[in-house]
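Below is target_19.cif, holding mmCIF, C-alpha atoms.
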```cif
data_data
#
loop_
_atom_site.label_atom_id
_atom_site.label_comp_id
_atom_site.auth_asym_id
_atom_site.auth_seq_id
_atom_site.Cartn_x
_atom_site.Cartn_y
_atom_site.Cartn_z
CA MET A 147 -109.96 -35.30 -97.22
CA GLU A 148 -110.63 -34.56 -100.91
CA GLY A 149 -106.98 -35.26 -101.77
CA PHE A 150 -107.03 -38.46 -99.71
CA ILE A 151 -110.12 -39.72 -101.55
CA THR A 152 -108.58 -38.77 -104.89
CA ASP A 153 -105.47 -40.80 -104.08
CA TRP A 154 -107.58 -43.85 -103.25
CA LEU A 155 -109.58 -43.44 -106.46
CA ASN A 156 -106.26 -43.18 -108.28
CA LEU A 157 -105.03 -46.40 -106.66
CA ALA A 158 -108.22 -48.39 -107.33
CA ILE A 159 -108.74 -47.24 -110.92
CA ARG A 160 -105.05 -47.56 -111.81
CA TRP A 161 -104.93 -51.13 -110.48
CA PHE A 162 -108.08 -52.05 -112.39
CA HIS A 163 -106.77 -50.33 -115.53
CA VAL A 164 -103.48 -52.25 -115.44
CA ILE A 165 -105.27 -55.58 -114.97
CA ALA A 166 -107.62 -54.85 -117.88
CA ALA A 167 -104.73 -53.69 -120.06
CA ILE A 168 -102.76 -56.87 -119.37
CA ALA A 169 -105.79 -58.92 -120.42
CA TRP A 170 -106.31 -56.91 -123.62
CA ILE A 171 -102.67 -56.77 -124.65
CA GLY A 172 -102.20 -60.46 -123.89
CA GLU A 173 -105.24 -61.44 -125.94
CA SER A 174 -104.26 -59.11 -128.78
CA PHE A 175 -100.67 -60.35 -128.91
CA TYR A 176 -101.85 -63.94 -128.85
CA PHE A 177 -104.19 -63.55 -131.82
CA VAL A 178 -101.60 -61.62 -133.84
CA ALA A 179 -99.07 -64.38 -133.15
CA LEU A 180 -101.68 -67.02 -134.00
CA ASP A 181 -102.65 -65.30 -137.26
CA ASN A 182 -99.00 -65.11 -138.35
CA SER A 183 -98.24 -68.72 -137.39
CA LEU A 184 -101.05 -70.48 -139.24
CA LYS A 185 -100.19 -73.32 -141.62
CA PRO A 186 -102.47 -74.73 -144.36
CA PRO A 187 -104.49 -77.67 -142.95
CA GLN A 188 -103.23 -81.15 -143.79
CA ASP A 189 -106.71 -82.65 -143.90
CA PRO A 190 -108.38 -82.07 -147.33
CA ASN A 191 -111.77 -82.16 -145.63
CA GLN A 192 -110.78 -79.14 -143.55
CA ARG A 193 -109.76 -77.23 -146.65
CA ARG A 194 -113.10 -78.05 -148.27
CA ARG A 195 -114.86 -76.69 -145.18
CA GLY A 196 -113.10 -73.36 -145.72
CA VAL A 197 -110.31 -73.66 -143.15
CA PHE A 198 -107.60 -71.21 -144.17
CA GLY A 199 -104.97 -72.30 -141.69
CA GLU A 200 -104.41 -74.04 -138.36
CA LEU A 201 -101.91 -74.18 -135.54
CA TRP A 202 -101.35 -76.89 -132.98
CA HIS A 203 -100.43 -75.84 -129.44
CA VAL A 204 -99.29 -77.69 -126.38
CA HIS A 205 -99.83 -75.72 -123.19
CA GLY A 206 -100.66 -76.44 -119.58
CA GLY A 207 -100.58 -80.18 -120.09
CA GLY A 208 -102.99 -80.20 -123.01
CA PHE A 209 -103.09 -80.03 -126.80
CA TYR A 210 -105.02 -77.38 -128.71
CA ASN A 211 -105.84 -77.07 -132.40
CA MET A 212 -106.63 -73.50 -133.47
CA GLN A 213 -108.24 -73.00 -136.89
CA LYS A 214 -109.02 -69.91 -138.94
CA TYR A 215 -111.61 -69.90 -141.73
CA THR A 216 -111.12 -67.96 -144.94
CA VAL A 217 -114.42 -66.15 -144.33
CA ALA A 218 -116.60 -68.10 -141.88
CA PRO A 219 -117.38 -71.71 -140.88
CA PRO A 220 -120.15 -73.57 -142.72
CA GLU A 221 -122.36 -73.57 -139.61
CA MET A 222 -122.62 -71.06 -136.81
CA PRO A 223 -121.37 -72.50 -133.49
CA ASP A 224 -123.69 -72.42 -130.48
CA ASP A 225 -121.14 -70.65 -128.28
CA LEU A 226 -119.09 -67.84 -129.84
CA HIS A 227 -116.51 -65.81 -127.90
CA TRP A 228 -116.28 -62.09 -128.73
CA SER A 229 -112.92 -60.39 -128.04
CA LYS A 230 -114.18 -56.97 -127.02
CA TRP A 231 -114.63 -56.49 -123.27
CA PRO A 232 -110.91 -56.31 -122.39
CA SER A 233 -110.60 -53.46 -124.91
CA TYR A 234 -113.63 -51.55 -123.65
CA THR A 235 -112.68 -52.06 -119.99
CA THR A 236 -109.13 -50.87 -120.58
CA TRP A 237 -110.27 -47.68 -122.29
CA LEU A 238 -113.02 -46.88 -119.78
CA SER A 239 -110.76 -47.43 -116.77
CA GLY A 240 -107.96 -45.47 -118.45
CA PHE A 241 -110.28 -42.56 -119.16
CA GLY A 242 -111.50 -42.70 -115.57
CA LEU A 243 -107.92 -42.51 -114.33
CA PHE A 244 -107.19 -39.64 -116.73
CA THR A 245 -110.24 -37.80 -115.37
CA VAL A 246 -109.31 -38.29 -111.71
CA LEU A 247 -105.69 -37.26 -112.16
CA TYR A 248 -105.57 -34.75 -114.99
CA LEU A 249 -109.02 -33.34 -115.70
CA TRP A 250 -109.74 -32.70 -112.01
CA ALA A 251 -106.51 -30.74 -111.60
CA PRO A 252 -105.73 -29.10 -114.97
CA ASN A 253 -103.69 -26.25 -113.44
CA THR A 254 -101.35 -28.78 -111.84
CA TYR A 255 -101.07 -31.43 -114.55
CA LEU A 256 -102.30 -30.19 -117.94
CA ILE A 257 -101.06 -26.61 -118.05
CA ASP A 258 -97.52 -25.31 -118.29
CA ARG A 259 -97.70 -21.58 -118.99
CA ASN A 260 -94.16 -21.67 -120.34
CA VAL A 261 -95.56 -23.89 -123.10
CA LEU A 262 -98.97 -22.29 -123.63
CA ASP A 263 -100.86 -19.89 -121.38
CA MET A 264 -104.43 -21.17 -121.25
CA GLY A 265 -107.21 -21.51 -118.72
CA PRO A 266 -108.30 -24.79 -117.10
CA VAL A 267 -111.52 -25.07 -119.13
CA VAL A 268 -109.63 -24.61 -122.40
CA ALA A 269 -107.05 -27.18 -121.26
CA ILE A 270 -109.72 -29.76 -120.41
CA PHE A 271 -111.59 -29.39 -123.70
CA SER A 272 -108.30 -29.36 -125.63
CA ALA A 273 -107.34 -32.68 -124.05
CA LEU A 274 -110.73 -34.22 -124.83
CA GLY A 275 -110.60 -32.79 -128.35
CA PHE A 276 -107.21 -34.38 -128.85
CA LEU A 277 -108.62 -37.84 -128.10
CA ALA A 278 -111.65 -37.40 -130.36
CA GLY A 279 -109.74 -35.63 -133.14
CA GLY A 280 -107.07 -38.33 -133.26
CA TRP A 281 -109.70 -40.99 -133.92
CA ILE A 282 -111.56 -38.93 -136.53
CA ILE A 283 -108.38 -38.20 -138.51
CA TYR A 284 -107.11 -41.78 -138.29
CA ASP A 285 -110.46 -43.31 -139.25
CA SER A 286 -110.80 -40.92 -142.19
CA LEU A 287 -107.37 -41.93 -143.47
CA CYS A 288 -108.27 -45.61 -143.19
CA ARG A 289 -111.45 -45.10 -145.17
CA LEU A 290 -109.68 -43.06 -147.87
CA LEU A 291 -106.44 -45.06 -148.17
CA GLY A 292 -107.43 -48.45 -146.78
CA LYS A 293 -106.71 -50.29 -150.04
CA ASN A 294 -103.01 -49.35 -149.89
CA ASP A 295 -101.48 -50.53 -146.63
CA ARG A 296 -98.07 -48.98 -147.27
CA VAL A 297 -99.36 -45.49 -148.06
CA LEU A 298 -101.83 -45.70 -145.19
CA GLY A 299 -99.07 -46.75 -142.78
CA ILE A 300 -96.87 -43.82 -143.79
CA CYS A 301 -99.75 -41.36 -143.38
CA VAL A 302 -100.68 -42.74 -139.96
CA ALA A 303 -97.04 -42.45 -138.85
CA LEU A 304 -97.00 -38.81 -140.00
CA VAL A 305 -100.22 -38.12 -138.10
CA VAL A 306 -98.67 -39.57 -134.94
CA LEU A 307 -95.57 -37.39 -135.44
CA ILE A 308 -97.66 -34.25 -135.97
CA GLY A 309 -99.81 -35.20 -132.99
CA ALA A 310 -96.73 -35.52 -130.77
CA TRP A 311 -95.53 -32.08 -131.88
CA LEU A 312 -98.92 -30.48 -131.26
CA ALA A 313 -99.41 -32.10 -127.85
CA CYS A 314 -96.00 -30.97 -126.65
CA HIS A 315 -96.72 -27.40 -127.81
CA ILE A 316 -100.12 -27.25 -126.09
CA PHE A 317 -99.81 -29.16 -122.82
CA ALA A 318 -97.23 -29.60 -120.09
CA GLY A 319 -94.66 -32.16 -121.22
CA ARG A 320 -95.76 -34.85 -118.80
CA ALA A 321 -99.42 -34.41 -119.82
CA ALA A 322 -98.51 -34.24 -123.53
CA TYR A 323 -96.94 -37.71 -123.42
CA LEU A 324 -99.90 -39.18 -121.60
CA ILE A 325 -102.43 -37.50 -123.92
CA MET A 326 -100.58 -38.77 -126.98
CA GLY A 327 -100.62 -42.28 -125.55
CA ALA A 328 -104.29 -41.92 -124.64
CA THR A 329 -105.03 -40.76 -128.20
CA LEU A 330 -103.46 -43.92 -129.63
CA ALA A 331 -105.26 -46.03 -127.02
CA THR A 332 -108.54 -44.35 -128.01
CA ILE A 333 -107.88 -45.23 -131.64
CA MET A 334 -107.18 -48.83 -130.66
CA SER A 335 -110.36 -49.23 -128.65
CA ALA A 336 -112.43 -47.33 -131.22
CA ASN A 337 -111.13 -49.73 -133.88
CA VAL A 338 -112.63 -52.56 -131.87
CA PHE A 339 -115.90 -50.76 -131.10
CA PHE A 340 -116.62 -49.09 -134.46
CA VAL A 341 -114.98 -51.40 -137.01
CA ILE A 342 -113.90 -54.85 -135.82
CA ILE A 343 -116.91 -55.88 -133.74
CA PRO A 344 -119.59 -54.36 -136.07
CA GLY A 345 -117.94 -56.12 -139.02
CA GLN A 346 -117.99 -59.41 -137.17
CA ARG A 347 -121.64 -58.89 -136.26
CA LYS A 348 -122.53 -58.37 -139.92
CA MET A 349 -120.71 -61.59 -140.80
CA VAL A 350 -122.61 -63.49 -138.09
CA ASP A 351 -125.95 -61.97 -139.17
CA ALA A 352 -125.29 -63.00 -142.77
CA MET A 353 -124.60 -66.58 -141.70
CA LEU A 354 -127.75 -66.71 -139.57
CA LYS A 355 -129.73 -65.65 -142.66
CA GLY A 356 -128.05 -68.35 -144.73
CA ASP A 357 -126.04 -65.85 -146.79
CA THR A 358 -122.32 -65.86 -147.52
CA PRO A 359 -120.60 -63.20 -145.37
CA ASN A 360 -118.86 -60.37 -147.21
CA PRO A 361 -115.08 -60.91 -146.79
CA ILE A 362 -114.47 -57.13 -146.74
CA TYR A 363 -115.41 -57.03 -143.05
CA GLY A 364 -112.73 -59.53 -142.20
CA LYS A 365 -110.14 -57.62 -144.23
CA ARG A 366 -111.00 -54.31 -142.57
CA GLY A 367 -110.96 -55.90 -139.14
CA LYS A 368 -107.55 -57.43 -139.69
CA GLN A 369 -106.12 -54.13 -140.98
CA ARG A 370 -107.28 -52.28 -137.88
CA SER A 371 -106.06 -55.13 -135.66
CA VAL A 372 -102.60 -54.90 -137.25
CA HIS A 373 -102.52 -51.17 -136.57
CA ASN A 374 -103.48 -51.83 -132.97
CA THR A 375 -100.60 -54.19 -132.44
CA TYR A 376 -98.06 -51.60 -133.65
CA PHE A 377 -99.58 -48.96 -131.38
CA THR A 378 -99.32 -51.16 -128.29
CA LEU A 379 -95.70 -50.66 -127.23
CA PRO A 380 -95.72 -46.90 -127.93
CA VAL A 381 -98.85 -46.62 -125.78
CA VAL A 382 -97.27 -48.62 -122.96
CA PHE A 383 -94.27 -46.27 -122.95
CA ALA A 384 -96.49 -43.18 -122.97
CA MET A 385 -98.40 -44.50 -119.95
CA LEU A 386 -95.15 -45.12 -118.05
CA SER A 387 -93.42 -41.92 -119.15
CA ASN A 388 -94.53 -39.80 -116.19
CA HIS A 389 -91.83 -41.57 -114.17
CA TYR A 390 -89.06 -40.41 -116.54
CA ALA A 391 -88.82 -36.64 -116.53
CA MET A 392 -85.65 -36.64 -118.65
CA THR A 393 -87.85 -37.44 -121.66
CA TYR A 394 -90.81 -35.08 -121.37
CA THR A 395 -88.78 -32.11 -120.01
CA HIS A 396 -86.41 -32.09 -123.00
CA PRO A 397 -86.61 -28.97 -125.22
CA TYR A 398 -87.49 -31.28 -128.13
CA ASN A 399 -89.68 -33.62 -126.08
CA TRP A 400 -91.98 -34.27 -129.05
CA ALA A 401 -89.06 -35.66 -131.06
CA VAL A 402 -87.86 -37.76 -128.11
CA LEU A 403 -91.37 -39.22 -127.86
CA ALA A 404 -91.41 -39.95 -131.59
CA VAL A 405 -88.02 -41.70 -131.42
CA ILE A 406 -89.04 -43.92 -128.49
CA MET A 407 -92.39 -44.75 -130.10
CA ALA A 408 -90.59 -45.70 -133.31
CA ALA A 409 -88.31 -47.97 -131.28
CA GLY A 410 -91.37 -49.67 -129.80
CA ALA A 411 -92.92 -50.19 -133.23
CA LEU A 412 -89.69 -51.73 -134.57
CA ILE A 413 -89.44 -54.12 -131.63
CA ARG A 414 -93.08 -55.13 -132.10
CA GLN A 415 -92.42 -55.72 -135.80
CA PHE A 416 -89.63 -58.11 -134.89
CA PHE A 417 -92.04 -60.34 -132.98
CA VAL A 418 -94.69 -60.11 -135.70
CA MET A 419 -92.17 -61.27 -138.33
CA ARG A 420 -90.74 -63.92 -136.02
CA HIS A 421 -94.15 -65.56 -135.79
CA ARG A 422 -94.15 -65.67 -139.58
CA GLY A 423 -90.90 -67.62 -139.44
CA GLN A 424 -88.61 -64.66 -140.29
CA VAL A 425 -86.07 -63.70 -137.63
CA LEU A 426 -84.98 -60.17 -138.62
CA TRP A 427 -82.47 -59.08 -136.01
CA TYR A 428 -82.01 -55.65 -137.56
CA LEU A 429 -85.46 -54.71 -136.24
CA PRO A 430 -84.76 -55.02 -132.49
CA LEU A 431 -81.22 -53.73 -133.04
CA GLY A 432 -82.74 -50.69 -134.77
CA GLY A 433 -85.07 -50.24 -131.79
CA VAL A 434 -82.15 -50.45 -129.36
CA ALA A 435 -80.19 -47.98 -131.50
CA LEU A 436 -83.10 -45.51 -131.38
CA MET A 437 -83.28 -45.89 -127.60
CA ALA A 438 -79.54 -45.20 -127.43
CA VAL A 439 -80.06 -42.06 -129.50
CA ALA A 440 -82.77 -40.96 -127.06
CA LEU A 441 -80.47 -41.69 -124.11
CA VAL A 442 -77.61 -39.60 -125.50
CA TRP A 443 -79.94 -36.84 -126.66
CA THR A 444 -81.62 -36.47 -123.27
CA MET A 445 -78.41 -36.65 -121.26
CA PRO A 446 -78.43 -33.56 -119.03
CA LYS A 447 -75.74 -30.97 -119.36
CA PRO A 448 -73.87 -30.27 -116.13
CA VAL A 449 -75.05 -27.18 -114.29
CA VAL A 450 -72.16 -24.73 -114.09
CA PRO A 451 -72.15 -23.04 -110.68
CA GLN A 452 -71.89 -19.28 -110.60
CA ALA A 453 -68.57 -17.85 -109.51
CA GLU A 454 -68.60 -17.03 -105.81
CA ALA A 455 -66.48 -14.67 -103.82
CA ALA A 456 -63.74 -16.35 -101.89
CA ASN A 457 -65.24 -15.23 -98.60
CA ALA A 458 -68.86 -15.97 -99.53
CA PRO A 459 -70.64 -18.05 -96.88
CA LYS A 460 -71.49 -21.62 -97.69
CA ILE A 461 -75.15 -22.36 -98.48
CA VAL A 462 -76.76 -24.66 -95.94
CA VAL A 463 -80.17 -26.26 -95.50
CA ALA A 464 -81.51 -23.24 -93.61
CA ASP A 465 -80.81 -21.09 -96.68
CA ILE A 466 -82.76 -23.23 -99.14
CA ALA A 467 -85.55 -24.43 -96.80
CA PRO A 468 -87.69 -21.30 -97.42
CA ILE A 469 -87.54 -21.98 -101.18
CA LEU A 470 -88.73 -25.54 -100.68
CA GLN A 471 -91.47 -24.45 -98.29
CA GLN A 472 -92.76 -21.83 -100.71
CA ARG A 473 -92.37 -23.75 -103.98
CA CYS A 474 -92.48 -27.45 -103.09
CA ALA A 475 -94.32 -28.03 -99.81
CA ALA A 476 -97.72 -27.77 -101.51
CA CYS A 477 -97.04 -31.36 -102.64
CA HIS A 478 -94.00 -32.53 -100.68
CA SER A 479 -95.02 -32.24 -97.03
CA ALA A 480 -96.84 -34.21 -94.38
CA HIS A 481 -99.97 -32.17 -95.11
CA PRO A 482 -99.86 -31.17 -98.80
CA THR A 483 -102.47 -28.84 -100.25
CA LEU A 484 -102.27 -29.88 -103.92
CA MET A 485 -102.16 -33.65 -103.38
CA GLY A 486 -103.69 -36.18 -101.04
CA SER A 487 -100.25 -37.29 -99.93
CA ALA A 488 -96.65 -36.52 -100.77
CA PRO A 489 -95.66 -38.16 -104.10
CA ALA A 490 -93.29 -41.10 -103.52
CA GLY A 491 -93.33 -40.17 -99.83
CA VAL A 492 -90.86 -37.33 -100.44
CA MET A 493 -91.28 -34.55 -97.85
CA PHE A 494 -89.30 -31.39 -97.10
CA ASP A 495 -90.69 -30.51 -93.66
CA THR A 496 -87.45 -30.96 -91.71
CA PRO A 497 -83.75 -30.33 -92.40
CA ALA A 498 -83.14 -34.09 -92.20
CA GLU A 499 -85.78 -34.79 -94.89
CA ILE A 500 -84.33 -32.08 -97.13
CA SER A 501 -80.79 -33.46 -96.81
CA GLN A 502 -82.00 -37.02 -97.37
CA ASN A 503 -83.58 -35.96 -100.68
CA ALA A 504 -80.76 -33.68 -101.86
CA GLN A 505 -80.12 -35.72 -105.02
CA ARG A 506 -83.82 -35.73 -105.91
CA ILE A 507 -84.09 -31.98 -105.42
CA TYR A 508 -81.08 -31.32 -107.61
CA GLN A 509 -82.17 -33.74 -110.33
CA GLN A 510 -85.82 -32.69 -110.55
CA ALA A 511 -85.67 -28.95 -109.80
CA VAL A 512 -82.28 -28.01 -111.25
CA THR A 513 -81.10 -30.48 -113.89
CA LEU A 514 -84.45 -31.42 -115.43
CA LYS A 515 -86.57 -28.51 -114.19
CA ALA A 516 -89.45 -30.96 -114.05
CA MET A 517 -90.53 -29.79 -110.62
CA PRO A 518 -92.68 -28.08 -109.53
CA LEU A 519 -95.18 -29.63 -111.95
CA GLY A 520 -95.91 -27.08 -114.67
CA ASN A 521 -94.01 -24.69 -112.38
CA VAL A 522 -97.39 -24.06 -110.78
CA THR A 523 -95.71 -22.40 -107.77
CA HIS A 524 -93.47 -20.20 -109.96
CA MET A 525 -89.98 -21.25 -108.87
CA THR A 526 -87.50 -18.75 -110.32
CA ASP A 527 -84.21 -19.40 -112.08
CA ASP A 528 -82.36 -17.68 -109.21
CA GLU A 529 -83.97 -20.09 -106.77
CA ARG A 530 -82.98 -23.06 -108.89
CA GLN A 531 -79.43 -21.72 -109.02
CA LYS A 532 -79.37 -21.44 -105.25
CA LEU A 533 -80.50 -25.05 -104.93
CA ALA A 534 -77.72 -26.02 -107.36
CA ALA A 535 -75.09 -24.12 -105.36
CA TRP A 536 -76.26 -25.85 -102.17
CA PHE A 537 -76.04 -29.31 -103.69
CA GLN A 538 -72.76 -28.72 -105.48
CA GLY A 539 -71.32 -27.30 -102.27
CA GLY A 540 -71.91 -30.61 -100.54
CA ALA A 541 -75.58 -30.25 -99.51
CA LEU A 542 -74.49 -28.93 -96.14
CA GLN A 543 -76.79 -28.99 -93.15
#
```

Encoded form (structure tokens):
Amino acid sequence: MEGFITDWLNLAIRWFHVIAAIAWIGESFYFVALDNSLKPPQDPNQRRRGVFGELWHVHGGGFYNMQKYTVAPPEMPDDLHWSKWPSYTTWLSGFGLFTVLYLWAPNTYLIDRNVLDMGPVVAIFSALGFLAGGWIIYDSLCRLLGKNDRVLGICVALVVLIGAWLACHIFAGRAAYLIMGATLATIMSANVFFVIIPGQRKMVDAMLKGDTPNPIYGKRGKQRSVHNTYFTLPVVFAMLSNHYAMTYTHPYNWAVLAVIMAAGALIRQFFVMRHRGQVLWYLPLGGVALMAVALVWTMPKPVVPQAEAANAPKIVVADIAPILQQRCAACHSAHPTLMGSAPAGVMFDTPAEISQNAQRIYQQAVTLKAMPLGNVTHMTDDERQKLAAWFQGGALQ
């Protein structure tokens, strides 16, 4: 029953998290596009009122005129929209999902003793420390180097690279990717909570007092917002990566993650520049090239079967079923003990189910060695070789 409830919590929180993330990313992308598409106002009166730029839209059968002020409008409007709740909701729901899936089952998801032998409590606090430490380091860099965007950008990229290396040398590969994505997502939401919104509040308070707002708050907010937009596609990949074991099971999984994140940043840069009126095709082509490098780099090497005696009996389902029952049935059965239900509905209870999933077994347990998760059930290399011999011999029943 506990596993069943956990699965339903997973479903509900994941659905909510995706909806919130769509709202936040959509709003963020829109404002970045708007900011980069602004044109100086044609009306001199608007310029005298402090309008920095404007953009006319036609959408949904109506016309819209969006304006941005250099610092703030002359008078405070009665109704002011704050772009914050999609960010907060996305982070809170994402952290809830991370808690339900990973922090409640650290031995299954966080720990791979082939990477680092640690206890569940250490793993949990290491994961939480990663999220907090990522923000502290990033924020410190912004405060120290914020006046030089280029130097700051290079340093942030190096921090992300080092973070990817550390995560992949502390946690199981699947968890490392997710934690690295969650670290960037934490930075993004913390930017909104600790920098962007407080700065905007100070600007509003100054206007209500009749003072001229300090433009530094707007500059800081925009800098953090720009960082957020470059983090977005890398974070989206990290959140989807658990479906693609060929990336996080690679011996150099940290470098694969860095390459794919760099591809996402390049592709995002293309759209940012396009909204400024510059179509730089080398940016998406560079992103595609990096993805091609990742594809070739992660391509599995064929498993060479061991030489067998000419009269050796063929391996059939009955020979490998005990391995699957001992090492895999804790998750992949009608009544799993480690999960609420069998992931993807894959079960190995009967010979027919085993034969039906022969390709999956070979891919996940032999080629990628992604299963069992964190090798929590201690599948041996000899057992993997036996599974390989069975599949390569025709997956006989």

Selected residue of minimal separation from Met385 in chain A among A:Ala438, A:Ile283, A:Leu307, A:Ala322, counting all atoms listed in the file
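Once distances to Met385 in chain A are computed over all atoms listed in the file, the minimum belongs to A:Ala322.
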
### Message
Neighbouring residues of range 440-444 of chain A were defined as those with any atom within 8 Å, considering all atoms listed in the file; residues of the same chain fewer than 2 positions away were excluded. Please report them as a list in words.
### Response
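In the requested form, the answer reads Met392, Thr393, His396, Val402, Val405, Ile406, Leu436, Met437, Ala438 and Pro446 of chain A.
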
Practice problem: Check which residues satisfy the PyMOL selection byres ((chain A and resi 506) around 12) in the file shown, then give them as an MDAnalysis selection string. | Solution: chainID A and resid 391 478 490 492:494 499:505 507:517 533:534 537 541

Which residues would end up in the selection if the PyMOL selection byres ((chain A and resi 263) around 12) were applied here, given that I need the answer as a list of chain:residue names?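 Output from the PyMOL selection byres ((chain A and resi 263) around 12), applied to this file: A:Asn253, A:Leu256, A:Ile257, A:Asp258, A:Arg259, A:Asn260, A:Val261, A:Leu262, A:Met264, A:Gly265, A:Pro266, A:Val268, A:Ala269, A:His315, A:Ile316, A:Phe317, A:Ala318, A:Gly520, A:Val522.
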
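Among A:Ile270, A:Ala404, A:Ile343, A:Ala313, the residue with the shortest atom-to-atom distance to Trp231 in chain A, counting all atoms listed in the file, is A:Ile343.
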
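Between CA of Arg195 in chain A and CA of Gly207 in chain A the interatomic distance comes to 29.1 Å.
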
Padding 5 Å on every side, please: axis-aligned box over the listed atoms of range 501-507 of chain A, centre and edge lengths to one decimal in Å, as lines of an AutoDock Vina configuration file.
```
center_x = -82.1
center_y = -34.5
center_z = -101.4
size_x = 14.0
size_y = 15.0
size_z = 19.1
```

The distance between CA of Leu312 in chain A and CA of Leu519 in chain A is 19.7 Å

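Considering all atoms listed in the file, the residue among A:Tyr390, A:Ala179, A:Val462, A:Met222 positioned nearest to Lys355 in chain A is A:Met222.
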
Can you measure CA of Val197 in chain A to CA of Tyr215 in chain A for me? One decimal in Å is fine.
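A separation of 4.2 Å between them.
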
Using the atoms already present, construct N, CA and C atoms for range 273-290 of chain A and hand them back as an mmCIF file, in the frame of the given file.
```
data_model
loop_
_atom_site.group_PDB
_atom_site.id
_atom_site.type_symbol
_atom_site.label_atom_id
_atom_site.label_comp_id
_atom_site.auth_asym_id
_atom_site.auth_seq_id
_atom_site.Cartn_x
_atom_site.Cartn_y
_atom_site.Cartn_z
ATOM 1 N N ALA A 273 -107.734 -31.287 -124.272
ATOM 2 C CA ALA A 273 -107.340 -32.680 -124.050
ATOM 3 C C ALA A 273 -108.384 -33.644 -124.603
ATOM 4 N N LEU A 274 -109.666 -33.356 -124.312
ATOM 5 C CA LEU A 274 -110.730 -34.220 -124.830
ATOM 6 C C LEU A 274 -110.797 -34.148 -126.349
ATOM 7 N N GLY A 275 -110.592 -32.953 -126.896
ATOM 8 C CA GLY A 275 -110.600 -32.790 -128.350
ATOM 9 C C GLY A 275 -109.474 -33.549 -129.010
ATOM 10 N N PHE A 276 -108.341 -33.639 -128.317
ATOM 11 C CA PHE A 276 -107.210 -34.380 -128.850
ATOM 12 C C PHE A 276 -107.572 -35.853 -129.027
ATOM 13 N N LEU A 277 -108.235 -36.427 -128.025
ATOM 14 C CA LEU A 277 -108.620 -37.840 -128.100
ATOM 15 C C LEU A 277 -109.606 -38.071 -129.245
ATOM 16 N N ALA A 278 -110.631 -37.228 -129.311
ATOM 17 C CA ALA A 278 -111.650 -37.400 -130.360
ATOM 18 C C ALA A 278 -111.080 -37.095 -131.740
ATOM 19 N N GLY A 279 -110.302 -36.016 -131.847
ATOM 20 C CA GLY A 279 -109.740 -35.630 -133.140
ATOM 21 C C GLY A 279 -108.779 -36.661 -133.694
ATOM 22 N N GLY A 280 -108.005 -37.291 -132.809
ATOM 23 C CA GLY A 280 -107.070 -38.330 -133.260
ATOM 24 C C GLY A 280 -107.803 -39.476 -133.935
ATOM 25 N N TRP A 281 -108.929 -39.900 -133.324
ATOM 26 C CA TRP A 281 -109.700 -40.990 -133.920
ATOM 27 C C TRP A 281 -110.326 -40.569 -135.247
ATOM 28 N N ILE A 282 -110.885 -39.382 -135.306
ATOM 29 C CA ILE A 282 -111.560 -38.930 -136.530
ATOM 30 C C ILE A 282 -110.573 -38.857 -137.694
ATOM 31 N N ILE A 283 -109.384 -38.310 -137.447
ATOM 32 C CA ILE A 283 -108.380 -38.200 -138.510
ATOM 33 C C ILE A 283 -107.907 -39.574 -138.946
ATOM 34 N N TYR A 284 -107.592 -40.428 -137.969
ATOM 35 C CA TYR A 284 -107.110 -41.780 -138.290
ATOM 36 C C TYR A 284 -108.159 -42.565 -139.067
ATOM 37 N N ASP A 285 -109.411 -42.542 -138.590
ATOM 38 C CA ASP A 285 -110.460 -43.310 -139.250
ATOM 39 C C ASP A 285 -110.706 -42.800 -140.674
ATOM 40 N N SER A 286 -110.624 -41.492 -140.854
ATOM 41 C CA SER A 286 -110.800 -40.920 -142.190
ATOM 42 C C SER A 286 -109.704 -41.397 -143.141
ATOM 43 N N LEU A 287 -108.479 -41.442 -142.643
ATOM 44 C CA LEU A 287 -107.370 -41.930 -143.470
ATOM 45 C C LEU A 287 -107.585 -43.393 -143.856
ATOM 46 N N CYS A 288 -108.035 -44.198 -142.903
ATOM 47 C CA CYS A 288 -108.270 -45.610 -143.190
ATOM 48 C C CYS A 288 -109.339 -45.791 -144.257
ATOM 49 N N ARG A 289 -110.368 -44.971 -144.205
ATOM 50 C CA ARG A 289 -111.450 -45.100 -145.170
ATOM 51 C C ARG A 289 -111.028 -44.609 -146.560
ATOM 52 N N LEU A 290 -110.139 -43.599 -146.582
ATOM 53 C CA LEU A 290 -109.680 -43.060 -147.870
ATOM 54 C C LEU A 290 -108.567 -43.895 -148.495
#
```
